Amino acid sequence: MSKLCKTLSLSLLFIGFINLNSNAQDLAIVKYKGGGDWYSNPTALPNLINYCNANINTKMNPRPEIVDVGSIDIFQFPMLHMTGHGNVFFSEEDAENLGNYLISGGFLHIDDNYGMEPYIKKELKKVFPNQELIELPATHEIFNTAYPFTEGLPKIHEHDGKRPQAFGIFHENRLVLLFTFESDLGDGWEDPEVHNDPPGVREKALKMGANIVKYAFEN
């Protein structure tokens with residue numbers, strides 16, 4: 001059996017796993033190839049988890065796991081988080097595995113930490129060759145599920161002076177992937193001393209993160 005066939009067979013064994021384990025409430029950080037810093041913002045996800053556990057009644061493990069995008073371990077988690085500044089590369093096996101995860105009930109949030117956008121867009125075509133990222137309107141449920149963001153995705157950090165944008169990929173009318181761009185939510189989730197953000201800015205970032213978590217867990 002080829003490596004690809006073996007990977008696909010293992011992945012298919014896990015189709016439906018997420019739905020069968022719908023009570024699972026843990027997040028994982030995606031490790032990917034290409035040299036990009038998938039490990040950036042180390043305090044971000046733990047802080048978001050603590051915020052969600054305290055404010056939206058989740059019961060997540062405060063220490064997020066790290067999972068390789070090509071591993072069957074991703075099927076243990078209802079939501080994955082991915083970030084970085086630079087290059088991303090998905091092998092054919094990685095793309096197949098991630099696609100199977102998403103169509104079987106999983107959710108991926110990709111937060112561009114500045115510089116990731118051209119690479120991730122290219123690699124996502126391997127996962128969903130016939131789909132494009134679609135900008136979400138401010139009226140989408142994800143902006144109102146726990147806290148209201150009437151203008152859509154909030155701006156946390158400035159880079160090029162561009163407006164923040166939230167893009168999605170849908171499968172059978174379900175949002176399975178969210179790509180947040182020119183916002184830097186993860187920077188806002190980090191410990192206060194990392195970026196010296198005002199409390200109000202951090203609160204905005206954490207509330208939007210809570211919206212994403214709540215949406216992913218409930219859809």
# chains A, B, ... in the order shown; residues from 1 in each chain; ligands from 1

call {"tool": "select_by_dssp", "arguments": {"residues": "region 17-141 of chain A", "states": "strand (DSSP E)", "output": "list in words"}}
result
Leu27, Ala28, Ile29, Val30, Lys31, Glu65, Ile66, Val67, Asp68, Met79, Leu80, His81, Met82, Thr83, Gly84, Phe107, Leu108, His109, Ile110, Asp111, Asp112, Ile134 and Glu135 of chain A

call {"tool": "residues_around", "arguments": {"residues": "region 65-67 of chain A", "least_positions_apart": "6", "cutoff": "6 Å", "atoms": "only C-alpha atoms", "output": "PyMOL selection string"}}
result
chain A and resi 28-31

call {"tool": "closest_atom_pairs", "arguments": {"of": "region 112-174 of chain A", "to": "region 185-209 of chain A", "cutoff": "9 Å", "atoms": "only C-alpha atoms", "output": "Markdown table"}}
result
| residue | atom | partner | partner_atom | distance |
| --- | --- | --- | --- | --- |
| A:Asp112 | CA | A:Leu185 | CA | 8.6 |
| A:Asn113 | CA | A:Gly186 | CA | 7.3 |
| A:Ile142 | CA | A:Met208 | CA | 8.6 |
| A:Phe143 | CA | A:Met208 | CA | 7.2 |
| A:Asn144 | CA | A:Met208 | CA | 8.9 |
| A:Ala146 | CA | A:Lys207 | CA | 7.7 |
| A:Tyr147 | CA | A:Lys207 | CA | 6.3 |
| A:Pro148 | CA | A:Met208 | CA | 8.7 |
| A:Phe149 | CA | A:Met208 | CA | 7.8 |
| A:Leu153 | CA | A:Met208 | CA | 7.5 |
| A:Pro154 | CA | A:Lys204 | CA | 7.1 |
| A:Lys155 | CA | A:Leu185 | CA | 8.0 |
| A:Ile156 | CA | A:Leu185 | CA | 6.2 |
| A:His157 | CA | A:Asp187 | CA | 7.6 |

call {"tool": "write_last_selection", "arguments": {"atoms": "C-alpha atoms", "output": "PDB file, in the first residue's frame"}}
result
ATOM      1  CA  ASP A 112      -2.599  35.490   9.696  1.00  0.00           C
ATOM      2  CA  ASN A 113       0.103  36.828  11.996  1.00  0.00           C
ATOM      3  CA  ILE A 142     -19.866  34.028  13.906  1.00  0.00           C
ATOM      4  CA  PHE A 143     -19.794  37.745  14.699  1.00  0.00           C
ATOM      5  CA  ASN A 144     -22.744  37.504  17.076  1.00  0.00           C
ATOM      6  CA  ALA A 146     -21.427  35.100  22.085  1.00  0.00           C
ATOM      7  CA  TYR A 147     -20.595  38.800  21.731  1.00  0.00           C
ATOM      8  CA  PRO A 148     -21.872  41.283  19.124  1.00  0.00           C
ATOM      9  CA  PHE A 149     -19.457  42.645  16.535  1.00  0.00           C
ATOM     10  CA  LEU A 153     -13.951  41.304  12.429  1.00  0.00           C
ATOM     11  CA  PRO A 154     -12.223  43.761  14.785  1.00  0.00           C
ATOM     12  CA  LYS A 155      -8.853  45.359  14.048  1.00  0.00           C
ATOM     13  CA  ILE A 156      -6.298  44.436  16.722  1.00  0.00           C
ATOM     14  CA  HIS A 157      -2.919  45.389  15.187  1.00  0.00           C
TER      15      HIS A 157
END

call {"tool": "residues_around", "arguments": {"residues": "region 50-53 of chain A", "least_positions_apart": "2", "cutoff": "9 Å", "atoms": "only C-alpha atoms", "output": "PDB file with all heavy atoms, in the first residue's frame"}}
result
ATOM      1  N   LEU A  45      -3.214  30.997  22.618  1.00  0.00           N
ATOM      2  CA  LEU A  45      -4.299  30.021  22.732  1.00  0.00           C
ATOM      3  C   LEU A  45      -4.589  29.644  24.187  1.00  0.00           C
ATOM      4  O   LEU A  45      -5.765  29.531  24.568  1.00  0.00           O
ATOM      5  CB  LEU A  45      -3.999  28.784  21.881  1.00  0.00           C
ATOM      6  CG  LEU A  45      -5.246  28.084  21.310  1.00  0.00           C
ATOM      7  CD1 LEU A  45      -6.100  29.051  20.508  1.00  0.00           C
ATOM      8  CD2 LEU A  45      -4.850  26.893  20.461  1.00  0.00           C
ATOM      9  N   PRO A  46      -3.575  29.463  25.046  1.00  0.00           N
ATOM     10  CA  PRO A  46      -3.895  29.226  26.460  1.00  0.00           C
ATOM     11  C   PRO A  46      -4.731  30.352  27.073  1.00  0.00           C
ATOM     12  O   PRO A  46      -5.661  30.100  27.851  1.00  0.00           O
ATOM     13  CB  PRO A  46      -2.517  29.117  27.120  1.00  0.00           C
ATOM     14  CG  PRO A  46      -1.630  28.601  26.043  1.00  0.00           C
ATOM     15  CD  PRO A  46      -2.127  29.277  24.791  1.00  0.00           C
ATOM     16  N   ASN A  47      -4.423  31.598  26.728  1.00  0.00           N
ATOM     17  CA  ASN A  47      -5.202  32.719  27.259  1.00  0.00           C
ATOM     18  C   ASN A  47      -6.630  32.704  26.721  1.00  0.00           C
ATOM     19  O   ASN A  47      -7.582  33.002  27.455  1.00  0.00           O
ATOM     20  CB  ASN A  47      -4.530  34.047  26.903  1.00  0.00           C
ATOM     21  CG  ASN A  47      -3.308  34.331  27.753  1.00  0.00           C
ATOM     22  OD1 ASN A  47      -3.141  33.767  28.829  1.00  0.00           O
ATOM     23  ND2 ASN A  47      -2.441  35.201  27.267  1.00  0.00           N
ATOM     24  N   LEU A  48      -6.782  32.387  25.439  1.00  0.00           N
ATOM     25  CA  LEU A  48      -8.132  32.311  24.874  1.00  0.00           C
ATOM     26  C   LEU A  48      -8.925  31.191  25.541  1.00  0.00           C
ATOM     27  O   LEU A  48     -10.111  31.365  25.855  1.00  0.00           O
ATOM     28  CB  LEU A  48      -8.064  32.083  23.365  1.00  0.00           C
ATOM     29  CG  LEU A  48      -9.422  31.902  22.684  1.00  0.00           C
ATOM     30  CD1 LEU A  48     -10.293  33.152  22.829  1.00  0.00           C
ATOM     31  CD2 LEU A  48      -9.252  31.529  21.209  1.00  0.00           C
ATOM     32  N   ASN A  55     -15.903  32.489  30.630  1.00  0.00           N
ATOM     33  CA  ASN A  55     -16.967  33.386  30.164  1.00  0.00           C
ATOM     34  C   ASN A  55     -18.045  32.754  29.290  1.00  0.00           C
ATOM     35  O   ASN A  55     -19.154  33.297  29.217  1.00  0.00           O
ATOM     36  CB  ASN A  55     -16.348  34.563  29.405  1.00  0.00           C
ATOM     37  CG  ASN A  55     -15.565  35.492  30.303  1.00  0.00           C
ATOM     38  OD1 ASN A  55     -16.133  36.338  30.978  1.00  0.00           O
ATOM     39  ND2 ASN A  55     -14.241  35.326  30.325  1.00  0.00           N
ATOM     40  N   ILE A  56     -17.759  31.667  28.621  1.00  0.00           N
ATOM     41  CA  ILE A  56     -18.804  31.067  27.771  1.00  0.00           C
ATOM     42  C   ILE A  56     -19.049  29.598  28.116  1.00  0.00           C
ATOM     43  O   ILE A  56     -19.548  28.835  27.297  1.00  0.00           O
ATOM     44  CB  ILE A  56     -18.490  31.243  26.272  1.00  0.00           C
ATOM     45  CG1 ILE A  56     -17.182  30.544  25.867  1.00  0.00           C
ATOM     46  CG2 ILE A  56     -18.450  32.724  25.894  1.00  0.00           C
ATOM     47  CD1 ILE A  56     -16.999  30.449  24.351  1.00  0.00           C
ATOM     48  N   ASN A  57     -18.666  29.211  29.332  1.00  0.00           N
ATOM     49  CA  ASN A  57     -19.019  27.893  29.879  1.00  0.00           C
ATOM     50  C   ASN A  57     -18.406  26.711  29.129  1.00  0.00           C
ATOM     51  O   ASN A  57     -18.979  25.623  29.109  1.00  0.00           O
ATOM     52  CB  ASN A  57     -20.546  27.729  29.929  1.00  0.00           C
ATOM     53  CG  ASN A  57     -21.204  28.765  30.812  1.00  0.00           C
ATOM     54  OD1 ASN A  57     -20.730  29.048  31.908  1.00  0.00           O
ATOM     55  ND2 ASN A  57     -22.282  29.361  30.317  1.00  0.00           N
ATOM     56  N   THR A  58     -17.241  26.909  28.526  1.00  0.00           N
ATOM     57  CA  THR A  58     -16.522  25.770  27.972  1.00  0.00           C
ATOM     58  C   THR A  58     -15.706  25.124  29.092  1.00  0.00           C
ATOM     59  O   THR A  58     -15.494  25.710  30.158  1.00  0.00           O
ATOM     60  CB  THR A  58     -15.588  26.205  26.825  1.00  0.00           C
ATOM     61  OG1 THR A  58     -14.757  27.290  27.271  1.00  0.00           O
ATOM     62  CG2 THR A  58     -16.389  26.640  25.617  1.00  0.00           C
ATOM     63  N   LYS A  59     -15.248  23.916  28.821  1.00  0.00           N
ATOM     64  CA  LYS A  59     -14.445  23.180  29.800  1.00  0.00           C
ATOM     65  C   LYS A  59     -13.227  22.589  29.105  1.00  0.00           C
ATOM     66  O   LYS A  59     -12.958  21.396  29.165  1.00  0.00           O
ATOM     67  CB  LYS A  59     -15.291  22.084  30.463  1.00  0.00           C
ATOM     68  CG  LYS A  59     -16.459  22.625  31.274  1.00  0.00           C
ATOM     69  CD  LYS A  59     -17.308  21.505  31.848  1.00  0.00           C
ATOM     70  CE  LYS A  59     -18.402  22.049  32.766  1.00  0.00           C
ATOM     71  NZ  LYS A  59     -19.325  22.953  32.041  1.00  0.00           N
ATOM     72  N   MET A  60     -12.492  23.450  28.460  1.00  0.00           N
ATOM     73  CA  MET A  60     -11.346  23.002  27.667  1.00  0.00           C
ATOM     74  C   MET A  60     -10.111  22.789  28.526  1.00  0.00           C
ATOM     75  O   MET A  60      -9.927  23.467  29.546  1.00  0.00           O
ATOM     76  CB  MET A  60     -11.033  24.034  26.578  1.00  0.00           C
ATOM     77  CG  MET A  60     -12.091  24.163  25.512  1.00  0.00           C
ATOM     78  SD  MET A  60     -11.620  25.364  24.233  1.00  0.00           S
ATOM     79  CE  MET A  60     -12.085  26.901  25.038  1.00  0.00           C
ATOM     80  N   ASN A  61      -9.276  21.868  28.083  1.00  0.00           N
ATOM     81  CA  ASN A  61      -7.966  21.680  28.699  1.00  0.00           C
ATOM     82  C   ASN A  61      -7.175  22.979  28.538  1.00  0.00           C
ATOM     83  O   ASN A  61      -7.032  23.486  27.424  1.00  0.00           O
ATOM     84  CB  ASN A  61      -7.234  20.535  27.994  1.00  0.00           C
ATOM     85  CG  ASN A  61      -5.922  20.169  28.660  1.00  0.00           C
ATOM     86  OD1 ASN A  61      -5.253  21.011  29.249  1.00  0.00           O
ATOM     87  ND2 ASN A  61      -5.547  18.902  28.562  1.00  0.00           N
ATOM     88  N   PRO A  62      -6.670  23.552  29.624  1.00  0.00           N
ATOM     89  CA  PRO A  62      -5.965  24.836  29.507  1.00  0.00           C
ATOM     90  C   PRO A  62      -4.664  24.772  28.718  1.00  0.00           C
ATOM     91  O   PRO A  62      -4.138  25.820  28.323  1.00  0.00           O
ATOM     92  CB  PRO A  62      -5.705  25.232  30.964  1.00  0.00           C
ATOM     93  CG  PRO A  62      -5.787  23.968  31.741  1.00  0.00           C
ATOM     94  CD  PRO A  62      -6.773  23.108  31.029  1.00  0.00           C
ATOM     95  N   LEU A 206     -10.220  38.841  22.574  1.00  0.00           N
ATOM     96  CA  LEU A 206     -10.664  37.650  23.298  1.00  0.00           C
ATOM     97  C   LEU A 206     -12.147  37.367  23.068  1.00  0.00           C
ATOM     98  O   LEU A 206     -12.561  36.202  22.929  1.00  0.00           O
ATOM     99  CB  LEU A 206     -10.365  37.803  24.785  1.00  0.00           C
ATOM    100  CG  LEU A 206      -8.878  37.720  25.156  1.00  0.00           C
ATOM    101  CD1 LEU A 206      -8.637  38.268  26.558  1.00  0.00           C
ATOM    102  CD2 LEU A 206      -8.371  36.278  25.049  1.00  0.00           C
ATOM    103  N   LYS A 207     -12.945  38.420  23.009  1.00  0.00           N
ATOM    104  CA  LYS A 207     -14.382  38.223  22.745  1.00  0.00           C
ATOM    105  C   LYS A 207     -14.615  37.662  21.346  1.00  0.00           C
ATOM    106  O   LYS A 207     -15.447  36.770  21.160  1.00  0.00           O
ATOM    107  CB  LYS A 207     -15.135  39.542  22.934  1.00  0.00           C
ATOM    108  CG  LYS A 207     -15.357  39.920  24.388  1.00  0.00           C
ATOM    109  CD  LYS A 207     -16.157  41.205  24.519  1.00  0.00           C
ATOM    110  CE  LYS A 207     -16.494  41.486  25.982  1.00  0.00           C
ATOM    111  NZ  LYS A 207     -17.265  42.740  26.147  1.00  0.00           N
ATOM    112  N   GLY A 209     -12.454  35.891  19.708  1.00  0.00           N
ATOM    113  CA  GLY A 209     -11.994  34.504  19.796  1.00  0.00           C
ATOM    114  C   GLY A 209     -13.029  33.603  20.422  1.00  0.00           C
ATOM    115  O   GLY A 209     -13.236  32.459  19.982  1.00  0.00           O
ATOM    116  N   ALA A 210     -13.703  34.093  21.452  1.00  0.00           N
ATOM    117  CA  ALA A 210     -14.769  33.317  22.091  1.00  0.00           C
ATOM    118  C   ALA A 210     -15.909  33.054  21.119  1.00  0.00           C
ATOM    119  O   ALA A 210     -16.509  31.971  21.114  1.00  0.00           O
ATOM    120  CB  ALA A 210     -15.273  34.050  23.330  1.00  0.00           C
ATOM    121  N   VAL A 213     -14.759  30.177  18.894  1.00  0.00           N
ATOM    122  CA  VAL A 213     -14.822  28.893  19.608  1.00  0.00           C
ATOM    123  C   VAL A 213     -16.270  28.421  19.756  1.00  0.00           C
ATOM    124  O   VAL A 213     -16.587  27.263  19.472  1.00  0.00           O
ATOM    125  CB  VAL A 213     -14.153  29.019  20.990  1.00  0.00           C
ATOM    126  CG1 VAL A 213     -14.419  27.777  21.838  1.00  0.00           C
ATOM    127  CG2 VAL A 213     -12.645  29.233  20.832  1.00  0.00           C
ATOM    128  N   LYS A 214     -17.132  29.306  20.184  1.00  0.00           N
ATOM    129  CA  LYS A 214     -18.543  28.932  20.385  1.00  0.00           C
ATOM    130  C   LYS A 214     -19.171  28.483  19.073  1.00  0.00           C
ATOM    131  O   LYS A 214     -19.886  27.474  19.018  1.00  0.00           O
ATOM    132  CB  LYS A 214     -19.310  30.114  20.979  1.00  0.00           C
ATOM    133  CG  LYS A 214     -20.765  29.805  21.331  1.00  0.00           C
ATOM    134  CD  LYS A 214     -21.403  30.991  22.052  1.00  0.00           C
ATOM    135  CE  LYS A 214     -22.887  30.802  22.273  1.00  0.00           C
ATOM    136  NZ  LYS A 214     -23.171  29.659  23.171  1.00  0.00           N
TER     137      LYS A 214
END

call {"tool": "residues_around", "arguments": {"residues": "region 85-99 of chain A", "least_positions_apart": "6", "cutoff": "8 Å", "atoms": "only C-alpha atoms", "output": "mmCIF file with N, CA and C atoms, in the first residue's frame"}}
result
data_model
loop_
_atom_site.group_PDB
_atom_site.id
_atom_site.type_symbol
_atom_site.label_atom_id
_atom_site.label_comp_id
_atom_site.auth_asym_id
_atom_site.auth_seq_id
_atom_site.Cartn_x
_atom_site.Cartn_y
_atom_site.Cartn_z
ATOM 1 N N LEU A 4 0.367 7.361 0.403
ATOM 2 C CA LEU A 4 -0.847 8.164 0.261
ATOM 3 C C LEU A 4 -2.084 7.339 0.563
ATOM 4 N N THR A 7 -2.403 6.766 4.244
ATOM 5 C CA THR A 7 -2.851 7.971 4.934
ATOM 6 C C THR A 7 -4.339 8.180 4.736
ATOM 7 N N LEU A 8 -4.806 7.990 3.486
ATOM 8 C CA LEU A 8 -6.227 8.178 3.207
ATOM 9 C C LEU A 8 -7.070 7.154 3.945
ATOM 10 N N SER A 11 -7.292 8.143 7.518
ATOM 11 C CA SER A 11 -8.149 9.320 7.666
ATOM 12 C C SER A 11 -9.610 8.937 7.559
ATOM 13 N N TYR A 32 2.704 22.729 10.808
ATOM 14 C CA TYR A 32 2.740 22.523 9.358
ATOM 15 C C TYR A 32 4.162 22.647 8.837
ATOM 16 N N LYS A 33 4.350 22.228 7.596
ATOM 17 C CA LYS A 33 5.666 22.264 6.947
ATOM 18 C C LYS A 33 5.843 23.584 6.199
ATOM 19 N N GLY A 34 7.036 23.822 5.709
ATOM 20 C CA GLY A 34 7.305 24.979 4.873
ATOM 21 C C GLY A 34 8.219 26.001 5.503
ATOM 22 N N GLY A 35 8.483 25.867 6.798
ATOM 23 C CA GLY A 35 9.388 26.792 7.458
ATOM 24 C C GLY A 35 8.725 27.945 8.170
ATOM 25 N N GLY A 36 7.414 28.096 8.012
ATOM 26 C CA GLY A 36 6.702 29.153 8.724
ATOM 27 C C GLY A 36 6.661 28.892 10.213
ATOM 28 N N ASP A 37 6.522 29.957 10.999
ATOM 29 C CA ASP A 37 6.563 29.810 12.462
ATOM 30 C C ASP A 37 5.179 29.474 13.027
ATOM 31 N N VAL A 69 -0.516 18.582 10.792
ATOM 32 C CA VAL A 69 -1.648 18.670 9.880
ATOM 33 C C VAL A 69 -1.912 17.356 9.144
ATOM 34 N N GLY A 70 -0.894 16.538 8.993
ATOM 35 C CA GLY A 70 -1.069 15.277 8.288
ATOM 36 C C GLY A 70 -1.380 14.099 9.180
ATOM 37 N N SER A 71 -1.536 14.333 10.477
ATOM 38 C CA SER A 71 -1.753 13.243 11.433
ATOM 39 C C SER A 71 -3.243 12.981 11.657
ATOM 40 N N ILE A 72 -3.580 11.733 11.937
ATOM 41 C CA ILE A 72 -4.967 11.409 12.274
ATOM 42 C C ILE A 72 -5.357 11.988 13.630
ATOM 43 N N ASP A 112 -3.816 34.980 10.315
ATOM 44 C CA ASP A 112 -2.599 35.490 9.696
ATOM 45 C C ASP A 112 -1.894 36.430 10.671
ATOM 46 N N ASN A 113 -0.680 36.031 11.055
ATOM 47 C CA ASN A 113 0.103 36.828 11.996
ATOM 48 C C ASN A 113 0.977 37.839 11.263
ATOM 49 N N TYR A 114 0.635 38.069 10.024
ATOM 50 C CA TYR A 114 1.264 38.995 9.078
ATOM 51 C C TYR A 114 2.304 38.273 8.225
ATOM 52 N N GLY A 115 1.988 38.149 6.948
ATOM 53 C CA GLY A 115 2.899 37.539 5.993
ATOM 54 C C GLY A 115 2.517 36.148 5.549
ATOM 55 N N MET A 116 1.481 35.584 6.130
ATOM 56 C CA MET A 116 1.081 34.207 5.837
ATOM 57 C C MET A 116 0.150 34.101 4.623
ATOM 58 N N TYR A 119 0.798 32.422 1.029
ATOM 59 C CA TYR A 119 1.158 31.002 1.104
ATOM 60 C C TYR A 119 -0.053 30.142 1.453
ATOM 61 N N ILE A 120 -0.829 30.584 2.428
ATOM 62 C CA ILE A 120 -1.958 29.754 2.852
ATOM 63 C C ILE A 120 -3.026 29.694 1.765
ATOM 64 N N GLU A 123 -1.963 27.010 -0.617
ATOM 65 C CA GLU A 123 -2.049 25.650 -0.086
ATOM 66 C C GLU A 123 -3.499 25.205 0.104
ATOM 67 N N LEU A 124 -4.390 26.139 0.382
ATOM 68 C CA LEU A 124 -5.796 25.764 0.563
ATOM 69 C C LEU A 124 -6.421 25.265 -0.735
ATOM 70 N N LYS A 126 -5.094 23.134 -2.528
ATOM 71 C CA LYS A 126 -4.849 21.688 -2.506
ATOM 72 C C LYS A 126 -5.926 20.967 -1.696
ATOM 73 N N VAL A 127 -6.457 21.655 -0.706
ATOM 74 C CA VAL A 127 -7.472 21.054 0.175
ATOM 75 C C VAL A 127 -8.841 21.108 -0.482
ATOM 76 N N PHE A 128 -9.187 22.267 -1.037
ATOM 77 C CA PHE A 128 -10.474 22.468 -1.712
ATOM 78 C C PHE A 128 -10.204 23.073 -3.096
#

call {"tool": "closest_residue", "arguments": {"among": "A:Asn211, A:Gln25, A:Thr180, A:Thr150", "to": "Glu117 (chain A)", "atoms": "only C-alpha atoms"}}
result
A:Thr180

call {"tool": "closest_residue", "arguments": {"among": "A:Val176, A:Thr83, A:Asp184, A:Ala138", "to": "His159 (chain A)", "atoms": "only C-alpha atoms"}}
result
A:Asp184

call {"tool": "select_by_dssp", "arguments": {"residues": "chain A", "states": "helix (DSSP H, G or I)", "output": "NGL selection string"}}
result
:A and (3-13 or 17-20 or 44-55 or 72-76 or 92-103 or 117-127 or 141-143 or 185-189 or 192-195 or 199-218)

call {"tool": "atom_distance", "arguments": {"atom1": "CA of Trp38 (chain A)", "atom2": "CA of Ala54 (chain A)"}}
result
26.5 Å
